[in-house]
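As provided, entry.cif (mmCIF, C-alpha atoms, pLDDT in the B column; chains and numbers go by the auth columns) reads as follows.
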```
data_my_file
#
loop_
_atom_site.group_PDB
_atom_site.id
_atom_site.type_symbol
_atom_site.label_atom_id
_atom_site.label_comp_id
_atom_site.label_asym_id
_atom_site.label_seq_id
_atom_site.Cartn_x
_atom_site.Cartn_y
_atom_site.Cartn_z
_atom_site.B_iso_or_equiv
_atom_site.auth_seq_id
_atom_site.auth_asym_id
ATOM 1 C CA MET A 1 202.620 56.300 20.879 78.00 1 A
ATOM 2 C CA LYS A 2 201.626 52.852 19.653 85.00 2 A
ATOM 3 C CA GLY A 3 204.479 52.464 17.194 90.00 3 A
ATOM 4 C CA LYS A 4 207.814 54.188 16.722 90.00 4 A
ATOM 5 C CA SER A 5 209.123 57.278 14.976 89.00 5 A
ATOM 6 C CA ILE A 6 212.622 56.155 13.965 91.00 6 A
ATOM 7 C CA PHE A 7 213.210 53.481 11.326 88.00 7 A
ATOM 8 C CA THR A 8 216.244 51.958 9.637 87.00 8 A
ATOM 9 C CA LYS A 9 216.537 52.401 5.901 83.00 9 A
ATOM 10 C CA LEU A 10 215.731 48.738 5.380 83.00 10 A
ATOM 11 C CA GLU A 11 212.572 49.025 7.492 87.00 11 A
ATOM 12 C CA ALA A 12 211.591 52.245 5.714 87.00 12 A
ATOM 13 C CA LEU A 13 212.041 50.609 2.307 87.00 13 A
ATOM 14 C CA GLU A 14 209.752 47.750 3.311 88.00 14 A
ATOM 15 C CA ILE A 15 207.131 50.147 4.671 92.00 15 A
ATOM 16 C CA GLU A 16 207.281 52.349 1.579 90.00 16 A
ATOM 17 C CA LYS A 17 206.654 49.338 -0.655 89.00 17 A
ATOM 18 C CA LEU A 18 203.571 48.497 1.398 92.00 18 A
ATOM 19 C CA ILE A 19 202.365 52.107 1.295 91.00 19 A
ATOM 20 C CA GLU A 20 202.650 52.083 -2.504 89.00 20 A
ATOM 21 C CA GLN A 21 200.618 48.854 -2.574 90.00 21 A
ATOM 22 C CA LYS A 22 198.037 50.412 -0.240 88.00 22 A
ATOM 23 C CA CYS A 23 197.617 53.476 -2.442 88.00 23 A
ATOM 24 C CA LYS A 24 196.890 51.272 -5.467 88.00 24 A
ATOM 25 C CA ALA A 25 194.740 48.685 -3.673 88.00 25 A
ATOM 26 C CA SER A 26 190.960 48.554 -3.384 88.00 26 A
ATOM 27 C CA SER A 27 189.407 49.757 -0.116 82.00 27 A
ATOM 28 C CA GLU A 28 188.793 46.123 0.843 86.00 28 A
ATOM 29 C CA LYS A 29 192.481 45.217 0.580 90.00 29 A
ATOM 30 C CA GLN A 30 193.828 48.415 2.124 90.00 30 A
ATOM 31 C CA LYS A 31 192.973 47.383 5.693 89.00 31 A
ATOM 32 C CA GLY A 32 195.112 44.239 5.445 92.00 32 A
ATOM 33 C CA ILE A 33 198.027 46.224 4.055 93.00 33 A
ATOM 34 C CA ARG A 34 197.723 48.819 6.828 91.00 34 A
ATOM 35 C CA ASP A 35 197.894 45.983 9.367 92.00 35 A
ATOM 36 C CA LYS A 36 201.174 44.815 7.809 92.00 36 A
ATOM 37 C CA ILE A 37 202.530 48.377 8.028 93.00 37 A
ATOM 38 C CA ARG A 38 201.573 48.593 11.717 92.00 38 A
ATOM 39 C CA LYS A 39 203.396 45.319 12.414 92.00 39 A
ATOM 40 C CA LEU A 40 206.526 47.024 11.105 92.00 40 A
ATOM 41 C CA GLY A 41 206.030 49.805 13.655 92.00 41 A
ATOM 42 C CA PHE A 42 204.338 52.621 11.748 92.00 42 A
ATOM 43 C CA TYR A 43 200.995 53.822 13.082 91.00 43 A
ATOM 44 C CA ALA A 44 199.590 56.733 11.076 88.00 44 A
ATOM 45 C CA SER A 45 197.466 57.761 14.071 85.00 45 A
ATOM 46 C CA ASP A 46 200.648 58.495 16.041 84.00 46 A
ATOM 47 C CA PHE A 47 201.330 61.384 13.665 83.00 47 A
ATOM 48 C CA GLY A 48 197.834 62.618 12.940 79.00 48 A
ATOM 49 C CA VAL A 49 197.785 61.523 9.308 74.00 49 A
ATOM 50 C CA GLY A 50 194.724 59.797 7.871 75.00 50 A
ATOM 51 C CA ASN A 51 194.482 56.374 6.263 74.00 51 A
ATOM 52 C CA GLY A 52 195.135 57.921 2.873 82.00 52 A
ATOM 53 C CA TYR A 53 198.763 58.688 3.752 86.00 53 A
ATOM 54 C CA THR A 54 201.435 58.410 1.066 87.00 54 A
ATOM 55 C CA VAL A 55 205.158 57.647 0.986 86.00 55 A
ATOM 56 C CA SER A 56 205.813 61.398 1.175 82.00 56 A
ATOM 57 C CA ASP A 57 203.681 61.636 4.327 83.00 57 A
ATOM 58 C CA PHE A 58 205.595 58.742 5.880 88.00 58 A
ATOM 59 C CA ARG A 59 208.966 60.356 5.155 87.00 59 A
ATOM 60 C CA ARG A 60 207.760 63.704 6.429 84.00 60 A
ATOM 61 C CA VAL A 61 206.734 62.481 9.884 86.00 61 A
ATOM 62 C CA VAL A 62 209.372 59.850 10.725 87.00 62 A
ATOM 63 C CA LYS A 63 213.126 59.803 10.988 87.00 63 A
ATOM 64 C CA ILE A 64 215.053 57.331 8.827 86.00 64 A
ATOM 65 C CA VAL A 65 218.538 56.351 9.985 84.00 65 A
ATOM 66 C CA LYS A 66 221.317 54.219 8.575 72.00 66 A
ATOM 67 C CA SER A 67 221.123 51.235 10.908 66.00 67 A
ATOM 68 C CA ALA A 68 219.616 49.777 14.056 59.00 68 A
ATOM 69 C CA ASP A 69 222.783 50.767 15.919 58.00 69 A
ATOM 70 C CA THR A 70 221.947 54.415 15.247 53.00 70 A
ATOM 71 C CA ILE A 71 218.489 53.914 16.705 48.00 71 A
ATOM 72 C CA LEU A 72 219.992 52.376 19.812 52.00 72 A
ATOM 73 C CA ALA A 73 222.347 55.317 20.196 52.00 73 A
ATOM 74 C CA GLU A 74 219.506 57.834 19.861 51.00 74 A
ATOM 75 C CA CYS A 75 216.900 56.044 21.917 51.00 75 A
ATOM 76 C CA GLN A 76 219.188 54.381 24.471 48.00 76 A
ATOM 77 C CA ALA A 77 216.894 51.376 24.386 46.00 77 A
ATOM 78 C CA PRO A 78 216.653 48.123 22.402 44.00 78 A
ATOM 79 C CA VAL A 79 214.611 48.310 19.225 36.00 79 A
ATOM 80 C CA LYS A 80 212.492 45.263 18.432 37.00 80 A
ATOM 81 C CA SER A 81 212.510 44.652 14.720 34.00 81 A
ATOM 82 C CA VAL A 82 212.592 41.619 12.498 32.00 82 A
ATOM 83 C CA PHE A 83 214.979 43.608 10.282 35.00 83 A
ATOM 84 C CA ASN A 84 217.630 44.398 12.904 37.00 84 A
ATOM 85 C CA GLU A 85 220.021 41.650 11.876 37.00 85 A
ATOM 86 C CA LYS A 86 219.676 42.484 8.204 39.00 86 A
ATOM 87 C CA ALA A 87 220.173 46.187 8.858 39.00 87 A
ATOM 88 C CA LYS A 88 223.607 45.443 10.350 38.00 88 A
ATOM 89 C CA SER A 89 224.846 44.016 7.057 48.00 89 A
ATOM 90 C CA PRO A 90 227.336 46.470 5.458 48.00 90 A
ATOM 91 C CA ILE A 91 226.291 45.255 1.996 47.00 91 A
ATOM 92 C CA LEU A 92 222.605 45.895 2.584 51.00 92 A
ATOM 93 C CA GLU A 93 223.332 49.234 4.224 50.00 93 A
ATOM 94 C CA SER A 94 225.487 50.221 1.239 45.00 94 A
ATOM 95 C CA SER A 95 222.679 49.287 -1.127 47.00 95 A
ATOM 96 C CA LEU A 96 220.179 51.254 0.906 47.00 96 A
ATOM 97 C CA GLU A 97 222.489 54.248 0.893 47.00 97 A
ATOM 98 C CA MET A 98 222.137 54.272 -2.889 45.00 98 A
ATOM 99 C CA LEU A 99 218.386 54.423 -2.482 51.00 99 A
ATOM 100 C CA SER A 100 218.644 57.579 -0.465 67.00 100 A
ATOM 101 C CA LEU A 101 219.530 60.110 -3.149 84.00 101 A
ATOM 102 C CA ASN A 102 217.941 63.450 -2.416 85.00 102 A
ATOM 103 C CA HIS A 103 216.790 64.609 -5.839 86.00 103 A
ATOM 104 C CA ALA A 104 216.256 68.120 -4.530 86.00 104 A
ATOM 105 C CA GLU A 105 220.024 68.517 -4.141 87.00 105 A
ATOM 106 C CA ASP A 106 223.117 68.044 -6.318 89.00 106 A
ATOM 107 C CA ILE A 107 223.179 64.413 -7.449 92.00 107 A
ATOM 108 C CA ILE A 108 226.821 64.268 -8.521 93.00 108 A
ATOM 109 C CA THR A 109 228.025 65.332 -5.072 91.00 109 A
ATOM 110 C CA GLN A 110 225.865 62.662 -3.459 89.00 110 A
ATOM 111 C CA LEU A 111 227.035 59.949 -5.844 92.00 111 A
ATOM 112 C CA LYS A 112 230.667 60.751 -5.077 91.00 112 A
ATOM 113 C CA ASP A 113 229.882 60.562 -1.367 86.00 113 A
ATOM 114 C CA LEU A 114 228.424 57.093 -2.022 86.00 114 A
ATOM 115 C CA ASP A 115 231.739 56.032 -3.619 88.00 115 A
ATOM 116 C CA PHE A 116 230.613 56.040 -7.246 93.00 116 A
ATOM 117 C CA GLN A 117 233.674 56.154 -9.487 95.00 117 A
ATOM 118 C CA GLY A 118 234.448 57.407 -12.983 96.00 118 A
ATOM 119 C CA PHE A 119 232.632 60.658 -13.762 97.00 119 A
ATOM 120 C CA VAL A 120 234.191 60.769 -17.209 96.00 120 A
ATOM 121 C CA THR A 121 232.568 61.348 -20.571 97.00 121 A
ATOM 122 C CA ILE A 122 231.489 58.618 -22.969 97.00 122 A
ATOM 123 C CA SER A 123 234.019 60.018 -25.433 95.00 123 A
ATOM 124 C CA GLN A 124 236.858 59.562 -22.935 96.00 124 A
ATOM 125 C CA LEU A 125 235.754 56.036 -22.012 96.00 125 A
ATOM 126 C CA LYS A 126 235.707 55.000 -25.658 94.00 126 A
ATOM 127 C CA GLN A 127 239.353 56.009 -25.819 94.00 127 A
ATOM 128 C CA ASN A 128 240.266 54.224 -22.584 95.00 128 A
ATOM 129 C CA ASN A 129 237.785 51.655 -21.325 95.00 129 A
ATOM 130 C CA LYS A 130 240.377 49.937 -19.133 95.00 130 A
ATOM 131 C CA ILE A 131 239.483 52.224 -16.233 96.00 131 A
ATOM 132 C CA ILE A 132 236.041 50.598 -16.013 97.00 132 A
ATOM 133 C CA PRO A 133 236.144 47.733 -13.476 96.00 133 A
ATOM 134 C CA GLN A 134 235.507 44.146 -14.492 96.00 134 A
ATOM 135 C CA THR A 135 232.976 43.656 -11.710 96.00 135 A
ATOM 136 C CA LYS A 136 229.214 43.525 -11.292 95.00 136 A
ATOM 137 C CA GLY A 137 227.577 46.816 -10.490 94.00 137 A
ATOM 138 C CA VAL A 138 225.366 49.708 -11.476 95.00 138 A
ATOM 139 C CA TYR A 139 226.161 52.697 -13.670 97.00 139 A
ATOM 140 C CA ILE A 140 224.527 56.069 -14.178 97.00 140 A
ATOM 141 C CA ILE A 141 224.614 58.373 -17.200 98.00 141 A
ATOM 142 C CA LEU A 142 224.552 62.052 -16.247 97.00 142 A
ATOM 143 C CA LYS A 143 223.991 65.252 -18.139 94.00 143 A
ATOM 144 C CA THR A 144 226.241 68.214 -17.400 85.00 144 A
ATOM 145 C CA ALA A 145 225.135 70.751 -20.012 84.00 145 A
ATOM 146 C CA LYS A 146 222.174 73.039 -19.355 80.00 146 A
ATOM 147 C CA LYS A 147 220.449 72.229 -22.634 87.00 147 A
ATOM 148 C CA TYR A 148 220.363 69.276 -24.990 91.00 148 A
ATOM 149 C CA ALA A 149 218.890 69.075 -28.472 94.00 149 A
ATOM 150 C CA PHE A 150 217.143 65.984 -29.787 96.00 150 A
ATOM 151 C CA ARG A 151 218.034 64.264 -33.054 95.00 151 A
ATOM 152 C CA GLU A 152 215.361 62.768 -35.277 96.00 152 A
ATOM 153 C CA ILE A 153 217.788 60.027 -36.280 96.00 153 A
ATOM 154 C CA GLY A 154 220.309 58.973 -33.664 94.00 154 A
ATOM 155 C CA SER A 155 223.465 56.894 -33.836 94.00 155 A
ATOM 156 C CA GLY A 156 222.072 53.701 -32.258 92.00 156 A
ATOM 157 C CA GLY A 157 222.445 50.367 -34.013 90.00 157 A
ATOM 158 C CA TYR A 158 219.644 48.360 -35.657 90.00 158 A
ATOM 159 C CA PHE A 159 219.789 45.241 -33.468 86.00 159 A
ATOM 160 C CA LYS A 160 217.881 42.398 -35.207 86.00 160 A
ATOM 161 C CA GLY A 161 216.768 44.968 -37.758 86.00 161 A
ATOM 162 C CA LYS A 162 214.793 46.998 -35.213 90.00 162 A
ATOM 163 C CA ASP A 163 214.835 50.782 -35.622 92.00 163 A
ATOM 164 C CA PRO A 164 216.195 52.214 -32.329 92.00 164 A
ATOM 165 C CA ASN A 165 214.826 55.693 -32.988 94.00 165 A
ATOM 166 C CA VAL A 166 211.612 57.121 -31.566 95.00 166 A
ATOM 167 C CA SER A 167 209.723 60.299 -32.396 96.00 167 A
ATOM 168 C CA LEU A 168 210.834 63.692 -31.167 97.00 168 A
ATOM 169 C CA ASP A 169 207.538 63.947 -29.287 97.00 169 A
ATOM 170 C CA GLU A 170 208.352 60.777 -27.335 96.00 170 A
ATOM 171 C CA LEU A 171 211.826 62.057 -26.498 97.00 171 A
ATOM 172 C CA LYS A 172 210.375 65.341 -25.243 96.00 172 A
ATOM 173 C CA ALA A 173 207.741 63.514 -23.185 96.00 173 A
ATOM 174 C CA ASN A 174 210.408 61.396 -21.471 96.00 174 A
ATOM 175 C CA TRP A 175 212.869 64.215 -20.826 96.00 175 A
ATOM 176 C CA VAL A 176 213.266 65.308 -17.203 95.00 176 A
ATOM 177 C CA ASP A 177 214.464 68.910 -17.181 91.00 177 A
ATOM 178 C CA ASN A 178 215.456 69.256 -13.551 90.00 178 A
ATOM 179 C CA SER A 179 217.416 66.018 -13.161 94.00 179 A
ATOM 180 C CA GLN A 180 221.073 65.350 -13.833 95.00 180 A
ATOM 181 C CA ILE A 181 220.341 61.638 -14.318 97.00 181 A
ATOM 182 C CA VAL A 182 219.374 60.466 -17.798 97.00 182 A
ATOM 183 C CA TYR A 183 219.863 56.701 -17.434 97.00 183 A
ATOM 184 C CA ILE A 184 220.455 54.078 -14.728 97.00 184 A
ATOM 185 C CA GLY A 185 221.848 50.707 -15.804 95.00 185 A
ATOM 186 C CA LYS A 186 223.196 47.482 -14.325 95.00 186 A
ATOM 187 C CA ALA A 187 225.828 44.895 -15.186 95.00 187 A
ATOM 188 C CA GLY A 188 226.023 41.265 -14.125 93.00 188 A
ATOM 189 C CA SER A 189 224.141 38.933 -11.798 89.00 189 A
ATOM 190 C CA THR A 190 224.534 35.545 -10.182 85.00 190 A
ATOM 191 C CA SER A 191 223.553 33.999 -13.515 87.00 191 A
ATOM 192 C CA ASN A 192 225.163 36.535 -15.857 88.00 192 A
ATOM 193 C CA ALA A 193 228.906 37.059 -16.155 90.00 193 A
ATOM 194 C CA SER A 194 228.637 40.576 -17.607 93.00 194 A
ATOM 195 C CA THR A 195 230.771 43.223 -15.941 97.00 195 A
ATOM 196 C CA LEU A 196 230.579 46.995 -15.830 97.00 196 A
ATOM 197 C CA GLN A 197 233.373 47.098 -18.394 97.00 197 A
ATOM 198 C CA SER A 198 231.833 44.613 -20.837 96.00 198 A
ATOM 199 C CA ARG A 199 228.344 46.074 -20.490 95.00 199 A
ATOM 200 C CA LEU A 200 229.422 49.676 -21.037 96.00 200 A
ATOM 201 C CA ILE A 201 231.618 48.706 -24.005 95.00 201 A
ATOM 202 C CA GLN A 202 228.558 46.995 -25.493 94.00 202 A
ATOM 203 C CA TYR A 203 226.457 50.091 -24.785 95.00 203 A
ATOM 204 C CA PHE A 204 228.947 52.355 -26.524 95.00 204 A
ATOM 205 C CA LYS A 205 229.209 50.026 -29.526 94.00 205 A
ATOM 206 C CA PHE A 206 225.447 50.190 -29.891 94.00 206 A
ATOM 207 C CA GLY A 207 225.737 53.979 -29.833 93.00 207 A
ATOM 208 C CA GLN A 208 228.252 53.774 -32.682 92.00 208 A
ATOM 209 C CA GLY A 209 225.686 52.090 -34.901 91.00 209 A
ATOM 210 C CA ASN A 210 226.657 48.470 -34.273 91.00 210 A
ATOM 211 C CA ALA A 211 223.860 45.896 -34.198 85.00 211 A
ATOM 212 C CA VAL A 212 224.536 44.700 -30.647 83.00 212 A
ATOM 213 C CA GLY A 213 222.053 43.810 -27.915 75.00 213 A
ATOM 214 C CA HIS A 214 221.937 46.927 -25.795 68.00 214 A
ATOM 215 C CA GLN A 215 218.728 48.716 -26.664 72.00 215 A
ATOM 216 C CA GLY A 216 218.206 49.649 -23.023 79.00 216 A
ATOM 217 C CA GLY A 217 219.073 53.319 -22.624 90.00 217 A
ATOM 218 C CA ARG A 218 218.983 53.851 -26.392 94.00 218 A
ATOM 219 C CA TYR A 219 217.270 57.247 -26.131 96.00 219 A
ATOM 220 C CA ILE A 220 220.569 58.914 -25.229 96.00 220 A
ATOM 221 C CA TRP A 221 221.846 58.227 -28.744 96.00 221 A
ATOM 222 C CA GLN A 222 219.215 60.623 -30.055 97.00 222 A
ATOM 223 C CA LEU A 223 220.776 63.493 -28.114 97.00 223 A
ATOM 224 C CA GLU A 224 223.152 65.929 -29.737 93.00 224 A
ATOM 225 C CA GLU A 225 226.568 65.665 -28.078 92.00 225 A
ATOM 226 C CA ALA A 226 225.621 62.311 -26.500 95.00 226 A
ATOM 227 C CA GLU A 227 229.292 61.401 -26.204 94.00 227 A
ATOM 228 C CA GLU A 228 229.784 64.307 -23.808 95.00 228 A
ATOM 229 C CA LEU A 229 227.396 62.776 -21.270 97.00 229 A
ATOM 230 C CA THR A 230 229.167 61.715 -18.071 97.00 230 A
ATOM 231 C CA VAL A 231 229.337 58.128 -16.810 98.00 231 A
ATOM 232 C CA CYS A 232 229.857 56.930 -13.249 97.00 232 A
ATOM 233 C CA TRP A 233 229.636 53.474 -11.712 96.00 233 A
ATOM 234 C CA LYS A 234 229.715 51.522 -8.477 95.00 234 A
ATOM 235 C CA THR A 235 230.720 47.907 -7.854 93.00 235 A
ATOM 236 C CA ILE A 236 227.992 45.888 -6.134 90.00 236 A
ATOM 237 C CA GLU A 237 228.777 42.766 -4.114 84.00 237 A
ATOM 238 C CA GLY A 238 226.545 40.417 -2.151 79.00 238 A
ATOM 239 C CA ILE A 239 223.321 41.656 -3.722 84.00 239 A
ATOM 240 C CA GLU A 240 221.956 41.579 -7.251 88.00 240 A
ATOM 241 C CA PRO A 241 222.790 44.767 -9.205 91.00 241 A
ATOM 242 C CA GLU A 242 219.278 44.600 -10.637 91.00 242 A
ATOM 243 C CA THR A 243 217.850 45.084 -7.136 88.00 243 A
ATOM 244 C CA VAL A 244 219.904 48.228 -6.672 89.00 244 A
ATOM 245 C CA GLU A 245 219.084 49.477 -10.181 92.00 245 A
ATOM 246 C CA THR A 246 215.347 48.919 -9.674 90.00 246 A
ATOM 247 C CA ASN A 247 215.285 50.732 -6.355 88.00 247 A
ATOM 248 C CA LEU A 248 217.277 53.665 -7.735 92.00 248 A
ATOM 249 C CA ILE A 249 214.765 53.997 -10.573 92.00 249 A
ATOM 250 C CA LYS A 250 211.833 53.774 -8.155 89.00 250 A
ATOM 251 C CA GLU A 251 213.417 56.434 -5.934 89.00 251 A
ATOM 252 C CA PHE A 252 213.734 58.697 -8.985 92.00 252 A
ATOM 253 C CA THR A 253 210.165 57.976 -10.110 92.00 253 A
ATOM 254 C CA ARG A 254 208.715 58.799 -6.688 88.00 254 A
ATOM 255 C CA TYR A 255 210.298 62.246 -6.844 91.00 255 A
ATOM 256 C CA TYR A 256 209.773 63.196 -10.503 92.00 256 A
ATOM 257 C CA GLY A 257 206.649 61.206 -11.312 92.00 257 A
ATOM 258 C CA LYS A 258 208.371 59.373 -14.179 94.00 258 A
ATOM 259 C CA ARG A 259 211.467 57.295 -14.872 95.00 259 A
ATOM 260 C CA PRO A 260 214.848 58.717 -15.946 97.00 260 A
ATOM 261 C CA PHE A 261 214.834 59.852 -19.576 97.00 261 A
ATOM 262 C CA ALA A 262 216.336 56.704 -21.139 96.00 262 A
ATOM 263 C CA ASN A 263 214.945 54.093 -18.719 95.00 263 A
ATOM 264 C CA LEU A 264 212.060 52.404 -20.512 91.00 264 A
ATOM 265 C CA LYS A 265 211.018 50.145 -17.611 85.00 265 A
ATOM 266 C CA ASP A 266 211.348 49.974 -13.823 75.00 266 A
#
```

Here is the file; what I need is its structure written in the form of structure tokens.
Amino acid sequence: MKGKSIFTKLEALEIEKLIEQKCKASSEKQKGIRDKIRKLGFYASDFGVGNGYTVSDFRRVVKIVKSADTILAECQAPVKSVFNEKAKSPILESSLEMLSLNHAEDIITQLKDLDFQGFVTISQLKQNNKIIPQTKGVYIILKTAKKYAFREIGSGGYFKGKDPNVSLDELKANWVDNSQIVYIGKAGSTSNASTLQSRLIQYFKFGQGNAVGHQGGRYIWQLEEAEELTVCWKTIEGIEPETVETNLIKEFTRYYGKRPFANLKD
């Protein structure tokens, strides 16, 4: 074997990004990208997959573990990797854990295992928003009912005079039947003092028809019983919430072939 078969989550994330680039690149550029992937330890020839391998192929043939320490325990030998020091960071490992949702299994159970908090309805949070932490983080809106009906005119506000509503056809095209997740959002950054509490309060005010700047996720306000959707959140420290949000959306998109229902961009 020229490379290795066990990778940390941080290494796997880096390799998957390169594989996605390879799949979109011209044949001339693919060779250079494959060389970068090999430098990270993955040789497709070790597993009998051709040069046209995808992220799914990569995940199918290798083992992805939490940290370099796990690799050492399994292999009983040092693992040479430029990512080893980074992989030992609890913050980075926590962030990578959030990238590892298995969309073939129950999402709510996994989110609770990853220490997401809340899991209360929008209606309940509007009555008591004090339980939402005043910290940076990510939040996820979940559906719990089996069926949802779309509204031609929702309850979203007209921020700067812009109509927040879209056609029923667009709502149907964006809907993901088999997923519990309808929206993934973020709050705060190194340059933005927003918190989970302030951001979600703003989101809910928009859903009550107020002209506030939270058009992201506005599709949920065109759902019947939108206030019965469930909200959960997780505080993020030491890394930008946007990084976690983006990777969660990409993880979702890889599995379903499109973004969560109310996410309009990656």

**Asked** Given the choices A:Ala226, A:Met1, A:Ala173, A:Ile132, which gets closest to Ala187 in chain A if the distance is worked out from all atoms listed in the file?
**Response**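 So, comparing all the options, the nearest one is A:Ile132.
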
**Message:** Selection in question (the file shown): the PyMOL selection byres ((chain A and resi 216-221) around 8). Which residues does it include, as a PyMOL selection string?
**Reply:** chain A and resi 154-156+164-166+171+182-183+185+207+214-215+222-224+226+261-264

**Item:** Nearest residue to Arg59 in chain A from the set A:Arg151, A:Lys112, A:Lys130, A:Lys9 (distances using only C-alpha atoms)
**Value:**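 Checking each of A:Arg151, A:Lys112, A:Lys130, A:Lys9 against Arg59 in chain A, counting only C-alpha atoms, the winner is A:Lys9.
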
**Asked** Interatomic distance between CA of Val55 in chain A and CA of Tyr139 in chain A?
**Response** 26.1 Å

**Asked** Using all atoms listed in the file, which of the listed residues (A:Glu16, A:Asp169, A:Glu227, A:Glu11) sits closest to Gly41 in chain A?
**Response** A:Glu11

**Request:** To verify the selection step, state as a list in words which residues the PyMOL selection byres ((chain A and resi 244-255) around 8) yields on this input.
**Result:** Ser95, Met98, Leu99, Ser100, Leu101, His103, Val138, Ile184, Gly185, Lys186, Ile239, Glu240, Pro241, Glu242, Thr243, Tyr256, Gly257, Lys258, Arg259, Pro260 and Asp266 of chain A

What are the centre and edge lengths in Å, to one decimal, of the axis-aligned box around all listed atoms of range 15-29 of chain A with 8 Å added on each side, as AutoDock Vina command-line options?
```
--center_x 198.0 --center_y 49.3 --center_z -0.4 --size_x 34.5 --size_y 24.3 --size_z 26.1
```

**Message:** Which residue is closest to Lys4 in chain A? Choose from A:Asp115, A:Glu28, A:Glu20, A:Asp46 and count all atoms listed in the file.
**Reply:**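 So, comparing all the options, the nearest one is A:Asp46.
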
**Separation of CA of Gln124 in chain A from CA of Ser189 in chain A, in Å and rounded to one decimal** = 26.7 Å

Spatial neighbours of Asp35 in chain A, 12 Å, all atoms listed in the file, chain gap at least 5 places, as an mmCIF file with C-alpha atoms, in the frame of the given file:
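This is the output file around-v1.cif:
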```
data_model
loop_
_atom_site.group_PDB
_atom_site.id
_atom_site.type_symbol
_atom_site.label_atom_id
_atom_site.label_comp_id
_atom_site.auth_asym_id
_atom_site.auth_seq_id
_atom_site.Cartn_x
_atom_site.Cartn_y
_atom_site.Cartn_z
ATOM 1 C CA ILE A 15 207.131 50.147 4.671
ATOM 2 C CA LEU A 18 203.571 48.497 1.398
ATOM 3 C CA ILE A 19 202.365 52.107 1.295
ATOM 4 C CA LYS A 22 198.037 50.412 -0.240
ATOM 5 C CA LYS A 29 192.481 45.217 0.580
ATOM 6 C CA GLN A 30 193.828 48.415 2.124
ATOM 7 C CA LEU A 40 206.526 47.024 11.105
ATOM 8 C CA GLY A 41 206.030 49.805 13.655
ATOM 9 C CA PHE A 42 204.338 52.621 11.748
ATOM 10 C CA TYR A 43 200.995 53.822 13.082
ATOM 11 C CA ALA A 44 199.590 56.733 11.076
ATOM 12 C CA ASN A 51 194.482 56.374 6.263
#
```

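When all atoms listed in the file are used to measure the gap to Leu13 in chain A, the shortest distance among A:Lys136, A:Lys146, A:Arg34, A:Lys66 belongs to A:Lys66.
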
Residue by residue, what does the PyMOL selection byres ((chain A and resi 7) around 7) grab here? Present the result as a short mmCIF file (atom, residue, chain, number, x, y, z; two decimals) with C-alpha atoms, keeping the file's coordinate frame.
```cif
data_model
loop_
_atom_site.label_atom_id
_atom_site.label_comp_id
_atom_site.auth_asym_id
_atom_site.auth_seq_id
_atom_site.Cartn_x
_atom_site.Cartn_y
_atom_site.Cartn_z
CA SER A 5 209.12 57.28 14.98
CA ILE A 6 212.62 56.16 13.96
CA THR A 8 216.24 51.96 9.64
CA LYS A 9 216.54 52.40 5.90
CA GLU A 11 212.57 49.02 7.49
CA ALA A 12 211.59 52.24 5.71
CA LYS A 63 213.13 59.80 10.99
CA ILE A 64 215.05 57.33 8.83
CA VAL A 65 218.54 56.35 9.98
#
```

**Asked** Between CA of Gln21 in chain A and CA of Asn102 in chain A, what is the spacing in Å?
**Response** 22.7 Å

Could you rebuild range 45-55 of chain A with N, CA and C atoms and give it back as an mmCIF file, in the coordinates of the input?
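Below is the file part-v6.cif, written as the result:
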```
data_model
loop_
_atom_site.group_PDB
_atom_site.id
_atom_site.type_symbol
_atom_site.label_atom_id
_atom_site.label_comp_id
_atom_site.auth_asym_id
_atom_site.auth_seq_id
_atom_site.Cartn_x
_atom_site.Cartn_y
_atom_site.Cartn_z
ATOM 1 N N SER A 45 198.158 56.998 13.033
ATOM 2 C CA SER A 45 197.466 57.761 14.071
ATOM 3 C C SER A 45 198.430 58.429 15.052
ATOM 4 N N ASP A 46 199.644 57.884 15.153
ATOM 5 C CA ASP A 46 200.648 58.495 16.041
ATOM 6 C C ASP A 46 201.049 59.883 15.556
ATOM 7 N N PHE A 47 200.853 60.134 14.255
ATOM 8 C CA PHE A 47 201.330 61.384 13.665
ATOM 9 C C PHE A 47 200.197 62.250 13.126
ATOM 10 N N GLY A 48 198.975 61.814 13.363
ATOM 11 C CA GLY A 48 197.834 62.618 12.940
ATOM 12 C C GLY A 48 197.577 62.636 11.453
ATOM 13 N N VAL A 49 198.069 61.606 10.738
ATOM 14 C CA VAL A 49 197.785 61.523 9.308
ATOM 15 C C VAL A 49 196.689 60.480 9.084
ATOM 16 N N GLY A 50 195.841 60.700 8.125
ATOM 17 C CA GLY A 50 194.724 59.797 7.871
ATOM 18 C C GLY A 50 195.157 58.530 7.162
ATOM 19 N N ASN A 51 194.196 57.646 6.922
ATOM 20 C CA ASN A 51 194.482 56.374 6.263
ATOM 21 C C ASN A 51 194.931 56.529 4.821
ATOM 22 N N GLY A 52 194.729 57.695 4.258
ATOM 23 C CA GLY A 52 195.135 57.921 2.873
ATOM 24 C C GLY A 52 196.572 58.396 2.733
ATOM 25 N N TYR A 53 197.386 58.194 3.762
ATOM 26 C CA TYR A 53 198.763 58.688 3.752
ATOM 27 C C TYR A 53 199.582 58.056 2.620
ATOM 28 N N THR A 54 200.574 58.823 2.176
ATOM 29 C CA THR A 54 201.435 58.410 1.066
ATOM 30 C C THR A 54 202.868 58.206 1.560
ATOM 31 N N VAL A 55 203.737 57.797 0.654
ATOM 32 C CA VAL A 55 205.158 57.647 0.986
ATOM 33 C C VAL A 55 205.728 58.984 1.457
#
```
